[in-house]
$ cat input-v2.csv   # CSV, C-alpha atoms
chain,number,residue,atom,x,y,z
J,1,MET,CA,-126.8,16.0,-0.1
J,2,LYS,CA,-127.7,15.0,3.4
J,3,LEU,CA,-129.3,11.6,3.5
J,4,PRO,CA,-131.0,10.6,6.8
J,5,VAL,CA,-129.5,7.4,8.1
J,6,PHE,CA,-132.6,5.3,8.9
J,7,TYR,CA,-130.9,2.0,9.0
J,8,THR,CA,-128.6,-0.1,11.2
J,9,LEU,CA,-125.1,-0.7,9.8
J,10,PHE,CA,-124.0,-4.3,10.0
J,11,MET,CA,-120.6,-5.9,9.7
J,12,ILE,CA,-121.2,-7.2,6.2
J,13,ALA,CA,-120.3,-4.4,3.9
J,14,PHE,CA,-122.9,-3.1,1.5
J,15,VAL,CA,-122.6,-0.6,-1.3
J,16,LEU,CA,-124.8,2.5,-1.5
J,17,GLY,CA,-125.1,3.7,-5.1
J,18,CYS,CA,-123.5,7.0,-6.1
J,19,THR,CA,-122.9,8.8,-9.3
J,20,ASP,CA,-120.1,11.1,-10.6
J,21,GLU,CA,-122.6,13.9,-11.3
J,22,VAL,CA,-124.9,15.7,-8.9
J,23,PRO,CA,-128.5,15.0,-9.9
J,24,LYS,CA,-130.3,18.0,-11.3
J,25,PRO,CA,-132.3,19.6,-8.6
J,26,VAL,CA,-136.1,19.5,-8.9
J,27,SER,CA,-138.5,22.0,-7.6
J,28,ARG,CA,-140.4,21.0,-4.5
J,29,PRO,CA,-143.4,22.8,-2.9
J,30,ALA,CA,-142.2,24.6,0.2
J,31,SER,CA,-144.2,24.6,3.4
J,32,GLY,CA,-144.6,27.8,5.4
J,33,PRO,CA,-141.7,28.7,7.7
J,34,ASP,CA,-142.1,28.1,11.4
J,35,ILE,CA,-141.5,30.8,14.1
J,36,THR,CA,-137.7,30.1,14.2
J,37,GLU,CA,-137.4,30.2,10.5
J,38,THR,CA,-139.3,33.5,10.3
J,39,HIS,CA,-137.1,34.9,13.1
J,40,ASN,CA,-133.9,33.8,11.4
J,41,LEU,CA,-135.0,35.3,8.1
J,42,ASN,CA,-135.5,38.6,9.9
J,43,VAL,CA,-132.0,38.3,11.3
J,44,ALA,CA,-130.6,37.7,7.8
J,45,ARG,CA,-132.4,40.7,6.5
J,46,LEU,CA,-131.1,43.0,9.3
J,47,LEU,CA,-127.6,41.5,8.9
J,48,SER,CA,-127.7,42.4,5.2
J,49,GLN,CA,-128.6,46.0,6.1
J,50,ARG,CA,-125.7,46.3,8.5
J,51,LEU,CA,-123.3,45.1,5.7
J,52,ALA,CA,-123.9,48.4,4.0
J,53,GLU,CA,-121.6,49.9,6.7
J,54,PRO,CA,-117.9,49.6,5.7
J,55,ASP,CA,-116.7,49.5,9.3
J,56,PHE,CA,-119.0,46.6,10.1
J,57,ARG,CA,-117.8,44.7,7.0
J,58,LEU,CA,-114.2,45.2,8.0
J,59,ASN,CA,-114.9,44.0,11.5
J,60,LEU,CA,-116.8,40.9,10.2
J,61,LYS,CA,-113.9,40.0,7.8
J,62,GLU,CA,-111.5,40.2,10.8
J,63,LYS,CA,-113.7,37.8,12.7
J,64,LEU,CA,-114.1,35.4,9.8
J,65,LEU,CA,-110.3,35.2,9.3
J,66,GLU,CA,-109.9,34.2,12.9
J,67,LYS,CA,-111.4,30.8,11.9
J,68,PHE,CA,-112.2,30.1,15.5
J,69,ASP,CA,-113.3,26.5,14.7
J,70,GLY,CA,-111.2,26.0,11.5
J,71,ASP,CA,-113.6,27.4,9.0
J,72,PHE,CA,-114.5,30.9,7.8
J,73,ASN,CA,-117.3,31.6,10.2
J,74,VAL,CA,-118.2,33.4,13.4
J,75,LEU,CA,-121.0,32.7,15.9
J,76,TYR,CA,-123.7,35.4,15.6
J,77,SER,CA,-123.4,36.0,19.3
J,78,GLN,CA,-119.7,37.0,18.9
J,79,LEU,CA,-120.6,40.0,16.7
J,80,ASP,CA,-121.1,43.4,18.3
J,81,ASP,CA,-124.1,45.7,18.0
J,82,LEU,CA,-126.4,43.3,16.1
J,83,PRO,CA,-130.1,43.5,16.6
J,84,GLN,CA,-132.4,40.5,17.3
J,85,ARG,CA,-130.1,38.3,19.3
J,86,PRO,CA,-131.0,34.7,18.1
J,87,ASP,CA,-132.4,32.1,20.5
J,88,ASP,CA,-130.2,29.5,18.8
J,89,PRO,CA,-126.6,29.7,20.2
J,90,LEU,CA,-125.2,27.9,17.2
J,91,LEU,CA,-126.5,30.4,14.6
J,92,GLN,CA,-123.4,31.6,12.7
J,93,VAL,CA,-122.3,34.0,10.0
J,94,ALA,CA,-120.2,32.2,7.4
J,95,MET,CA,-118.5,33.0,4.2
J,96,PRO,CA,-118.1,29.7,2.2
J,97,SER,CA,-115.1,29.3,0.0
J,98,LEU,CA,-115.6,29.3,-3.7
J,99,THR,CA,-113.4,27.4,-6.2
J,100,ASN,CA,-111.0,30.2,-6.8
J,101,MET,CA,-111.5,32.5,-3.8
J,102,ASN,CA,-112.2,32.6,-0.1
J,103,ALA,CA,-112.8,35.1,2.7
J,104,SER,CA,-109.2,36.2,2.7
J,105,GLN,CA,-109.7,37.7,-0.7
J,106,TRP,CA,-112.9,39.6,0.2
J,107,ASP,CA,-112.4,43.3,-0.4
J,108,ALA,CA,-114.5,44.2,2.6
J,109,GLY,CA,-113.9,47.9,2.2
J,110,ASN,CA,-115.8,48.0,-1.1
J,111,ASP,CA,-117.7,44.7,-1.8
J,112,VAL,CA,-121.1,44.3,-0.1
J,113,PRO,CA,-122.1,40.6,-0.3
J,114,LEU,CA,-125.5,39.1,-0.4
J,115,VAL,CA,-126.7,37.4,2.8
J,116,VAL,CA,-128.2,33.9,2.1
J,117,TYR,CA,-130.3,32.2,4.7
J,118,ARG,CA,-129.6,28.5,4.9
J,119,PRO,CA,-132.4,26.8,7.0
J,120,ALA,CA,-131.3,23.9,9.1
J,121,SER,CA,-134.2,21.8,7.7
J,122,ALA,CA,-133.4,22.4,4.0
J,123,ASP,CA,-132.1,19.6,1.9
J,124,LEU,CA,-129.9,21.5,-0.6
J,125,SER,CA,-129.8,18.5,-3.0
J,126,ILE,CA,-133.5,19.0,-4.0
J,127,LEU,CA,-133.7,22.8,-4.0
J,128,ASN,CA,-132.9,25.3,-6.7
J,129,LYS,CA,-133.0,28.4,-4.7
J,130,LEU,CA,-132.8,29.9,-1.2
J,131,THR,CA,-133.9,33.3,0.1
J,132,ALA,CA,-131.2,35.9,0.2
J,133,PHE,CA,-131.1,39.6,1.0
J,134,ASP,CA,-129.4,42.5,-0.8
J,135,SER,CA,-129.1,45.5,1.5
J,136,GLY,CA,-132.4,44.4,3.2
J,137,ARG,CA,-134.2,43.6,-0.1
J,138,GLU,CA,-135.3,40.0,-0.4
J,139,VAL,CA,-134.1,38.2,-3.5
J,140,GLU,CA,-133.9,34.6,-4.8
J,141,PHE,CA,-130.4,33.0,-4.8
J,142,ASP,CA,-129.6,30.2,-7.2
J,143,ILE,CA,-127.8,27.4,-5.4
J,144,THR,CA,-127.3,25.1,-8.3
J,145,ARG,CA,-124.0,26.8,-9.3
J,146,GLU,CA,-121.3,28.8,-7.5
J,147,PRO,CA,-121.8,32.6,-7.7
J,148,GLU,CA,-119.2,34.8,-9.2
J,149,ASN,CA,-118.8,36.8,-5.9
J,150,LEU,CA,-118.4,35.7,-2.3
J,151,VAL,CA,-121.6,35.6,-0.2
J,152,ILE,CA,-122.4,35.6,3.5
J,153,VAL,CA,-124.5,32.6,4.7
J,154,LEU,CA,-126.5,32.7,7.9
J,155,SER,CA,-126.6,29.0,9.0
J,156,HIS,CA,-125.8,26.7,12.0
J,157,ASN,CA,-122.4,25.8,13.2
J,158,GLU,CA,-121.4,22.2,12.8
J,159,ARG,CA,-118.0,22.1,14.5
J,160,THR,CA,-118.9,23.2,18.1
J,161,ILE,CA,-121.1,22.2,21.0
J,162,TYR,CA,-122.1,24.4,23.8
J,163,THR,CA,-123.0,24.2,27.5
J,164,LYS,CA,-124.1,26.8,30.0
J,165,ARG,CA,-121.3,28.9,31.3
J,166,ASN,CA,-118.7,27.2,33.4
J,167,GLN,CA,-120.0,23.7,32.7
J,168,GLN,CA,-118.2,20.9,30.8
J,169,PRO,CA,-119.6,18.8,27.9
J,170,GLN,CA,-120.8,15.5,29.0
J,171,GLN,CA,-119.8,12.3,27.2
J,172,PRO,CA,-122.4,9.6,26.3
J,173,ASP,CA,-121.2,7.4,29.2
J,174,GLY,CA,-121.6,10.2,31.7
J,175,ARG,CA,-118.0,11.2,32.0
J,176,THR,CA,-116.7,14.7,31.6
J,177,CYS,CA,-113.3,16.1,30.7
J,178,THR,CA,-111.7,19.4,31.4
J,179,LEU,CA,-111.9,21.2,28.1
J,180,THR,CA,-111.2,24.8,27.3
J,181,PRO,CA,-113.9,26.8,25.5
J,182,VAL,CA,-112.9,28.3,22.2
J,183,VAL,CA,-115.3,31.2,22.7
J,184,SER,CA,-117.9,32.2,25.3
J,185,ASP,CA,-120.8,34.6,25.4
J,186,ASN,CA,-122.9,35.8,28.3
J,187,ASN,CA,-124.8,32.5,28.5
J,188,TYR,CA,-122.8,29.7,27.0
J,189,ASP,CA,-119.3,28.2,26.6
J,190,PHE,CA,-118.5,26.7,23.2
J,191,PHE,CA,-116.2,23.7,22.7
J,192,LEU,CA,-114.7,22.1,19.6
J,193,LYS,CA,-116.4,18.8,18.9
J,194,GLN,CA,-113.1,17.2,17.9
J,195,GLU,CA,-111.7,17.9,21.4
J,196,SER,CA,-114.9,16.4,22.9
J,197,TYR,CA,-114.5,13.3,20.8
J,198,GLU,CA,-110.9,12.8,22.0
J,199,CYS,CA,-112.1,13.1,25.5
J,200,GLY,CA,-114.3,10.0,24.9
J,201,ASN,CA,-111.6,8.0,23.3
J,202,ILE,CA,-110.2,6.3,26.4
J,203,LEU,CA,-109.0,2.7,25.9
J,204,ALA,CA,-107.5,0.2,28.4
J,205,ILE,CA,-104.1,-0.5,26.9
J,206,ASP,CA,-102.0,-3.5,28.0
J,207,ASP,CA,-98.2,-3.0,27.7
J,208,THR,CA,-97.6,-6.8,27.2
J,209,PRO,CA,-95.8,-7.2,23.9
J,210,THR,CA,-97.9,-8.9,21.2
J,211,THR,CA,-96.6,-12.3,20.0
J,212,SER,CA,-94.8,-11.8,16.7
J,213,THR,CA,-96.5,-13.3,13.6
J,214,GLY,CA,-94.4,-11.6,10.9
J,215,CYS,CA,-96.9,-8.8,10.3
J,216,ASP,CA,-95.7,-5.2,10.0
J,217,ARG,CA,-97.4,-4.2,13.2
J,218,ASP,CA,-95.3,-6.8,15.1
J,219,GLU,CA,-92.0,-5.3,14.1
J,220,TYR,CA,-92.3,-2.1,16.2
J,221,ASN,CA,-94.3,-0.8,19.1
J,222,ARG,CA,-95.9,1.9,17.0
J,223,GLN,CA,-99.3,3.7,16.9
J,224,ASP,CA,-101.7,3.4,14.0
J,225,HIS,CA,-102.1,6.7,12.0
J,226,LEU,CA,-104.6,7.9,9.5
J,227,VAL,CA,-102.3,9.6,7.0
J,228,ARG,CA,-104.6,10.8,4.2
J,229,ALA,CA,-108.2,10.7,2.8
J,230,LYS,CA,-110.0,11.5,-0.4
J,231,PHE,CA,-113.6,11.6,-1.7
J,232,ALA,CA,-114.1,9.0,-4.4
J,233,THR,CA,-115.6,11.5,-6.8
J,234,ILE,CA,-116.4,15.2,-7.0
J,235,GLY,CA,-120.0,14.1,-7.0
J,236,VAL,CA,-119.7,12.4,-3.6
J,237,LEU,CA,-118.1,15.6,-2.2
J,238,ARG,CA,-120.9,17.7,-3.5
J,239,HIS,CA,-123.5,15.3,-2.2
J,240,ALA,CA,-121.8,15.1,1.2
J,241,GLU,CA,-121.4,18.9,1.7
J,242,HIS,CA,-122.8,21.6,-0.5
J,243,TYR,CA,-120.4,24.5,-1.1
J,244,LEU,CA,-122.8,26.8,0.9
J,245,ASP,CA,-122.2,24.7,3.9
J,246,GLY,CA,-118.5,25.4,3.7
J,247,ASN,CA,-115.7,23.0,4.6
J,248,PRO,CA,-116.6,19.3,5.0
J,249,GLU,CA,-116.9,18.2,8.7
J,250,VAL,CA,-115.5,14.7,8.1
J,251,PHE,CA,-115.3,12.2,11.0
J,252,PHE,CA,-114.8,8.5,11.4
J,253,ILE,CA,-115.6,5.8,14.0
J,254,ILE,CA,-113.3,2.9,14.6
J,255,THR,CA,-115.0,-0.2,16.1
J,256,LEU,CA,-112.8,-2.3,18.2
J,257,ALA,CA,-113.4,-5.9,19.3
J,258,SER,CA,-113.0,-7.5,22.7
J,259,LYS,CA,-112.8,-11.0,24.1
J,260,ASN,CA,-116.1,-10.2,25.9
J,261,PRO,CA,-118.8,-9.2,23.4
J,262,SER,CA,-120.2,-6.7,25.8
J,263,GLY,CA,-116.7,-5.1,25.9
J,264,PHE,CA,-116.6,-3.9,22.3
J,265,SER,CA,-115.7,-0.2,22.1
J,266,SER,CA,-115.4,2.6,19.6
J,267,LEU,CA,-113.3,5.6,18.9
J,268,ARG,CA,-114.7,8.7,17.2
J,269,LYS,CA,-112.3,11.1,15.6
J,270,SER,CA,-112.7,14.3,13.6
J,271,TYR,CA,-110.6,14.8,10.4
J,272,PRO,CA,-110.9,18.5,9.9
J,273,SER,CA,-109.4,20.5,7.0
J,274,SER,CA,-108.6,24.2,6.8
J,275,ASP,CA,-110.5,24.8,3.6
J,276,ARG,CA,-112.8,23.1,1.2
J,277,SER,CA,-110.1,23.5,-1.5
J,278,GLU,CA,-107.9,20.9,0.3
J,279,TRP,CA,-110.3,18.2,-0.8
J,280,LYS,CA,-110.3,19.0,-4.5
J,281,ASP,CA,-108.0,20.0,-7.4
J,282,CYS,CA,-109.7,22.4,-9.9
J,283,GLY,CA,-108.5,23.1,-13.4
J,284,ILE,CA,-109.9,25.4,-16.0
J,285,PHE,CA,-112.8,23.2,-16.9
J,286,ASN,CA,-113.5,20.8,-14.0
J,287,CYS,CA,-112.5,19.6,-10.6
J,288,LYS,CA,-111.3,16.2,-9.3
J,289,PRO,CA,-110.9,14.8,-5.8
J,290,GLU,CA,-107.6,15.6,-4.1
J,291,TRP,CA,-105.9,13.6,-1.4
J,292,TYR,CA,-106.1,15.5,1.9
J,293,ASP,CA,-102.9,14.8,3.8
J,294,LYS,CA,-103.2,15.0,7.5
J,295,ARG,CA,-101.5,12.6,9.9
J,296,LEU,CA,-103.8,11.7,12.7
J,297,PRO,CA,-102.9,9.2,15.4
J,298,THR,CA,-105.7,6.7,16.1
J,299,PHE,CA,-104.8,3.9,18.5
J,300,ASN,CA,-102.2,1.4,19.6
J,301,TRP,CA,-103.2,-1.9,18.1
J,302,ASP,CA,-102.7,-4.6,20.7
J,303,ARG,CA,-103.7,-7.7,18.8
J,304,SER,CA,-104.3,-9.7,22.1
J,305,LEU,CA,-106.9,-7.1,23.1
J,306,PHE,CA,-108.5,-6.0,19.8
J,307,GLY,CA,-108.0,-9.0,17.5
J,308,ASP,CA,-107.3,-9.2,13.8
J,309,LEU,CA,-109.8,-6.7,12.3
J,310,VAL,CA,-111.1,-3.3,13.1
J,311,ARG,CA,-113.9,-1.4,11.3
J,312,TYR,CA,-113.8,2.2,10.0
J,313,ASP,CA,-117.1,4.0,9.4
J,314,TRP,CA,-116.9,7.4,7.7
J,315,PHE,CA,-119.4,10.3,7.9
J,316,GLU,CA,-119.8,14.0,6.9
J,317,GLU,CA,-121.4,15.8,9.8
J,318,ASP,CA,-124.4,18.1,9.3
J,319,TYR,CA,-126.3,20.2,11.8
J,320,SER,CA,-129.5,18.5,13.1
J,321,LYS,CA,-131.2,18.6,16.4
J,322,ALA,CA,-132.6,15.1,15.8
J,323,LYS,CA,-130.4,12.2,16.6
J,324,ILE,CA,-130.2,8.6,15.4
J,325,ASP,CA,-128.8,5.6,17.3
J,326,LEU,CA,-126.9,3.0,15.2
J,327,THR,CA,-125.3,-0.3,16.0
J,328,LEU,CA,-121.9,-1.0,14.3
J,329,GLY,CA,-121.2,-4.7,14.2
J,330,LEU,CA,-117.9,-6.5,13.9
J,331,SER,CA,-116.7,-10.2,13.7
J,332,THR,CA,-113.0,-11.1,14.1
J,333,LYS,CA,-110.7,-13.4,15.9
J,334,ILE,CA,-108.7,-12.8,19.1
J,335,ALA,CA,-106.0,-15.5,19.7
J,336,GLU,CA,-107.7,-17.7,17.2
J,337,VAL,CA,-111.1,-17.5,19.0
J,338,SER,CA,-113.9,-16.0,16.9
J,339,VAL,CA,-115.8,-13.1,18.5
J,340,SER,CA,-118.7,-11.1,17.3
J,341,GLY,CA,-120.3,-8.0,18.8
J,342,GLY,CA,-121.1,-4.4,18.2
J,343,VAL,CA,-121.2,-0.9,19.6
J,344,LYS,CA,-124.0,1.6,19.8
J,345,ILE,CA,-123.4,5.1,18.6
J,346,THR,CA,-125.4,8.3,18.2
J,347,ILE,CA,-125.1,10.6,15.2
J,348,ASN,CA,-127.1,13.5,13.8
J,349,GLU,CA,-130.1,12.6,11.7
J,350,LYS,CA,-128.7,14.4,8.7
J,351,ASP,CA,-125.1,13.1,8.8
J,352,TYR,CA,-124.1,11.8,5.4
J,353,PHE,CA,-122.8,8.2,5.5
J,354,LEU,CA,-119.6,7.7,3.5
J,355,ASP,CA,-119.7,3.9,4.0
J,356,GLN,CA,-117.2,1.7,5.8
J,357,ASP,CA,-114.2,-0.6,5.2
J,358,PHE,CA,-112.2,-3.0,7.4
J,359,VAL,CA,-108.6,-2.8,8.3
J,360,SER,CA,-106.7,-6.0,9.0
J,361,TYR,CA,-103.8,-6.3,11.5
J,362,CYS,CA,-101.6,-7.9,8.9
J,363,ASP,CA,-102.2,-5.4,6.2
J,364,ASP,CA,-99.1,-3.5,5.1
J,365,ALA,CA,-98.5,-0.8,7.7
J,366,ASN,CA,-94.9,0.3,7.0
J,367,GLY,CA,-94.1,3.2,4.8
J,368,ILE,CA,-97.2,4.7,3.2
J,369,GLY,CA,-99.3,1.8,4.6
J,370,THR,CA,-102.5,0.5,3.0
J,371,THR,CA,-105.2,2.4,1.2
J,372,TYR,CA,-108.8,1.4,1.8
J,373,ASN,CA,-111.9,2.2,-0.3
J,374,THR,CA,-115.5,2.4,1.0
J,375,GLY,CA,-116.9,3.1,-2.5
J,376,LYS,CA,-117.4,6.7,-1.6
J,377,PHE,CA,-114.3,7.5,0.4
J,378,LEU,CA,-110.6,6.5,0.3
J,379,PHE,CA,-108.3,6.5,3.3
J,380,THR,CA,-104.7,5.4,4.1
J,381,VAL,CA,-103.6,3.9,7.3
J,382,ASN,CA,-100.0,3.1,8.5
J,383,HIS,CA,-98.2,2.8,11.8
J,384,GLN,CA,-95.4,5.1,13.0
$ encode --input "input-v2.csv" --output "C-alpha cells"
Amino acid sequence: MKLPVFYTLFMIAFVLGCTDEVPKPVSRPASGPDITETHNLNVARLLSQRLAEPDFRLNLKEKLLEKFDGDFNVLYSQLDDLPQRPDDPLLQVAMPSLTNMNASQWDAGNDVPLVVYRPASADLSILNKLTAFDSGREVEFDITREPENLVIVLSHNERTIYTKRNQQPQQPDGRTCTLTPVVSDNNYDFFLKQESYECGNILAIDDTPTTSTGCDRDEYNRQDHLVRAKFATIGVLRHAEHYLDGNPEVFFIITLASKNPSGFSSLRKSYPSSDRSEWKDCGIFNCKPEWYDKRLPTFNWDRSLFGDLVRYDWFEEDYSKAKIDLTLGLSTKIAEVSVSGGVKITINEKDYFLDQDFVSYCDDANGIGTTYNTGKFLFTVNHQ
C-alpha cells in the first residue's frame, strides 16, 4: 500500500499502526481515465497482441533478463518495432516475480502471458482488479492473489531518472556529477537513482582523530556500514510494495548533526535487492520476512563533527510525479553541547514511510553490530 506522506517527521519517534495481515480490498468507484491513461491502455492492448509472436516474446525475455536497473523490466522505448511510442519516458514493460518463479523461468517460446496495465495513480491496496489484455482482448485481472502464471505489467519505472540527451542529472543543491547512463534512446539518457543519490552524498570530513571514550567506534578508524535489513512482517512488505510492482525500491536517509544548526546535513542511499524473494522466506503454507544481507558503506562517523546521535529514516519508493517536502529533525550533543536542527528533503508523494530509529555513537559497532527496529523495518549497523 502506498500511503501519501502528508506530515512532517519530527525527532520524537512515533509509531504508525500496522498489522500482520493485508486488509481485505474493498471496491471503490473508478473515475474515467484521462488521456494518458487511455493512451497507455491502448499501448497495453497492442503489446498483448505482439506477444502472440514467438520471436517478439523471446526478444522481450532477453531484454528482461538483462535487468538493466536490477529488476526484471525494460523501458518501453528500448523495445524494437512497437507501435504507439509513449509520451512518458519512464513507461516500462516488467515481469514481476512470483513466490516460486520469475522471468528466468518464463518459457517464452510457448507461454503467452497476460498484459496487465498498472496505472501510476492506482492504489493497489484498495483495488480488487486491474485491466488486462489477453492477445488484445480486454479482461479483468484479480490482484488480490498471485496468479499461477507469470504476467507482463505495463507500469512506470521507479529506479531510474532521465534527462535530455547529453545532460547530467541535477542535485537539489544545484550541483551535477558526471554519471554514465545505463540506457539511452533518441531523446533521453537514463541514470540509476542510486548513483545519483551517491553523487549528492558529499560530506566534509575532518581527519583529526576523535577523542577516545571507550566506545567501539573509538577503537579503529572505520566506516559505518549497513549490513542487513528486514521487513518487520510480511504484511508490511505487502503494504509497502505490491507484488505487481516488483522488487521493493528501499532507500534510507541519514540525518547528521552539526555544531551550527544551519549546517545539518543528510545522506540518501538506496538499498536495492536483485529479486523480491530476497526479502522473504516462503514455505508450503506461508511466507515470513527474511534478512536481506547486503553490506553498504554509509559514512565515517567523526564524533566531533556529527555528535552522539544520527537518525535513519526508511522508505519504499513508488513512482509519482507529485513531490512532498519534509523536515527531518534531530537533537544530540557535540562535545557535550546540545544542538538541535533539521534537514529538508523531497520525496515522492506515494513513497511508503517505514518509520525511523536512532543510532548512537556508543552502540555496539564491532562484529555484527547493533540491530535497530522502526516498528515496520529492522536494520543492522556496524563499522568495518
$ closest_residue --input "input-v2.csv" --among "J:Val74, J:Leu79, J:Leu51, J:Ile126" --to "Arg159 (chain J)" --atoms "all atoms listed in the file"
J:Val74
$ closest_residue --input "input-v2.csv" --among "J:Lys376, J:His239, J:Arg50, J:Lys129" --to "Asp318 (chain J)" --atoms "all atoms listed in the file"
J:His239
$ residues_around --input "input-v2.csv" --residues "Glu62 (chain J)" --least-positions-apart "6" --cutoff "10 Å" --atoms "only C-alpha atoms" --output "VMD selection string"
chain J and resid 56 74 103 to 104 108
$ write_last_selection --input "input-v2.csv" --atoms "C-alpha atoms" --output "PDB file, in the frame of the given file"
ATOM      1  CA  PHE J  56    -119.000  46.600  10.100  1.00  0.00           C
ATOM      2  CA  VAL J  74    -118.200  33.400  13.400  1.00  0.00           C
ATOM      3  CA  ALA J 103    -112.800  35.100   2.700  1.00  0.00           C
ATOM      4  CA  SER J 104    -109.200  36.200   2.700  1.00  0.00           C
ATOM      5  CA  ALA J 108    -114.500  44.200   2.600  1.00  0.00           C
TER       6      ALA J 108
END
$ closest_residue --input "input-v2.csv" --among "J:Asp81, J:Asp216, J:Asp71, J:Asp281" --to "Val93 (chain J)" --atoms "only C-alpha atoms"
J:Asp71
$ residues_around --input "input-v2.csv" --residues "Lys67 (chain J)" --least-positions-apart "2" --cutoff "12 Å" --atoms "all atoms listed in the file" --output "count of residues only"
26
$ atom_distance --input "input-v2.csv" --atom1 "CA of Leu309 (chain J)" --atom2 "CA of Glu195 (chain J)"
26.3 Å
$ closest_residue --input "input-v2.csv" --among "J:Thr99, J:Ser277, J:Asn40, J:Gln356" --to "Phe379 (chain J)" --atoms "all atoms listed in the file"
J:Gln356
$ closest_residue --input "input-v2.csv" --among "J:Asn382, J:Cys282, J:Leu192, J:Pro113" --to "Pro147 (chain J)" --atoms "all atoms listed in the file"
J:Pro113
$ closest_residue --input "input-v2.csv" --among "J:Leu256, J:Ala365, J:Ile143, J:Leu98" --to "Gly214 (chain J)" --atoms "all atoms listed in the file"
J:Ala365
$ atom_distance --input "input-v2.csv" --atom1 "CA of Ser331 (chain J)" --atom2 "CA of Tyr312 (chain J)"
13.3 Å
$ atom_distance --input "input-v2.csv" --atom1 "CA of Leu46 (chain J)" --atom2 "CA of Leu114 (chain J)"
11.9 Å
$ closest_atom_pairs --input "input-v2.csv" --of "region 89-195 of chain J" --to "region 224-238 of chain J" --cutoff "12 Å" --atoms "all atoms listed in the file" --output "JSON lines"
{"residue": "J:Leu124", "atom": "CA", "partner": "J:Arg238", "partner_atom": "CA", "distance": 10.2}
{"residue": "J:Ser125", "atom": "CA", "partner": "J:Arg238", "partner_atom": "CA", "distance": 8.9}
{"residue": "J:Thr144", "atom": "CA", "partner": "J:Arg238", "partner_atom": "CA", "distance": 10.9}
{"residue": "J:Arg145", "atom": "CA", "partner": "J:Arg238", "partner_atom": "CA", "distance": 11.2}
{"residue": "J:Glu146", "atom": "CA", "partner": "J:Arg238", "partner_atom": "CA", "distance": 11.8}
$ residues_near_point --input "input-v2.csv" --point "(-131.4, 30.3, 18.3)" --cutoff "12 Å" --atoms "all atoms listed in the file" --output "number ranges by chain"
J: 35-41, 43, 75-77, 84-92, 119-120, 154-157, 321
$ residues_near_point --input "input-v2.csv" --point "(-123.9, 2.0, 16.7)" --cutoff "7 Å" --atoms "only C-alpha atoms" --output "number ranges by chain"
J: 325-328, 343-346
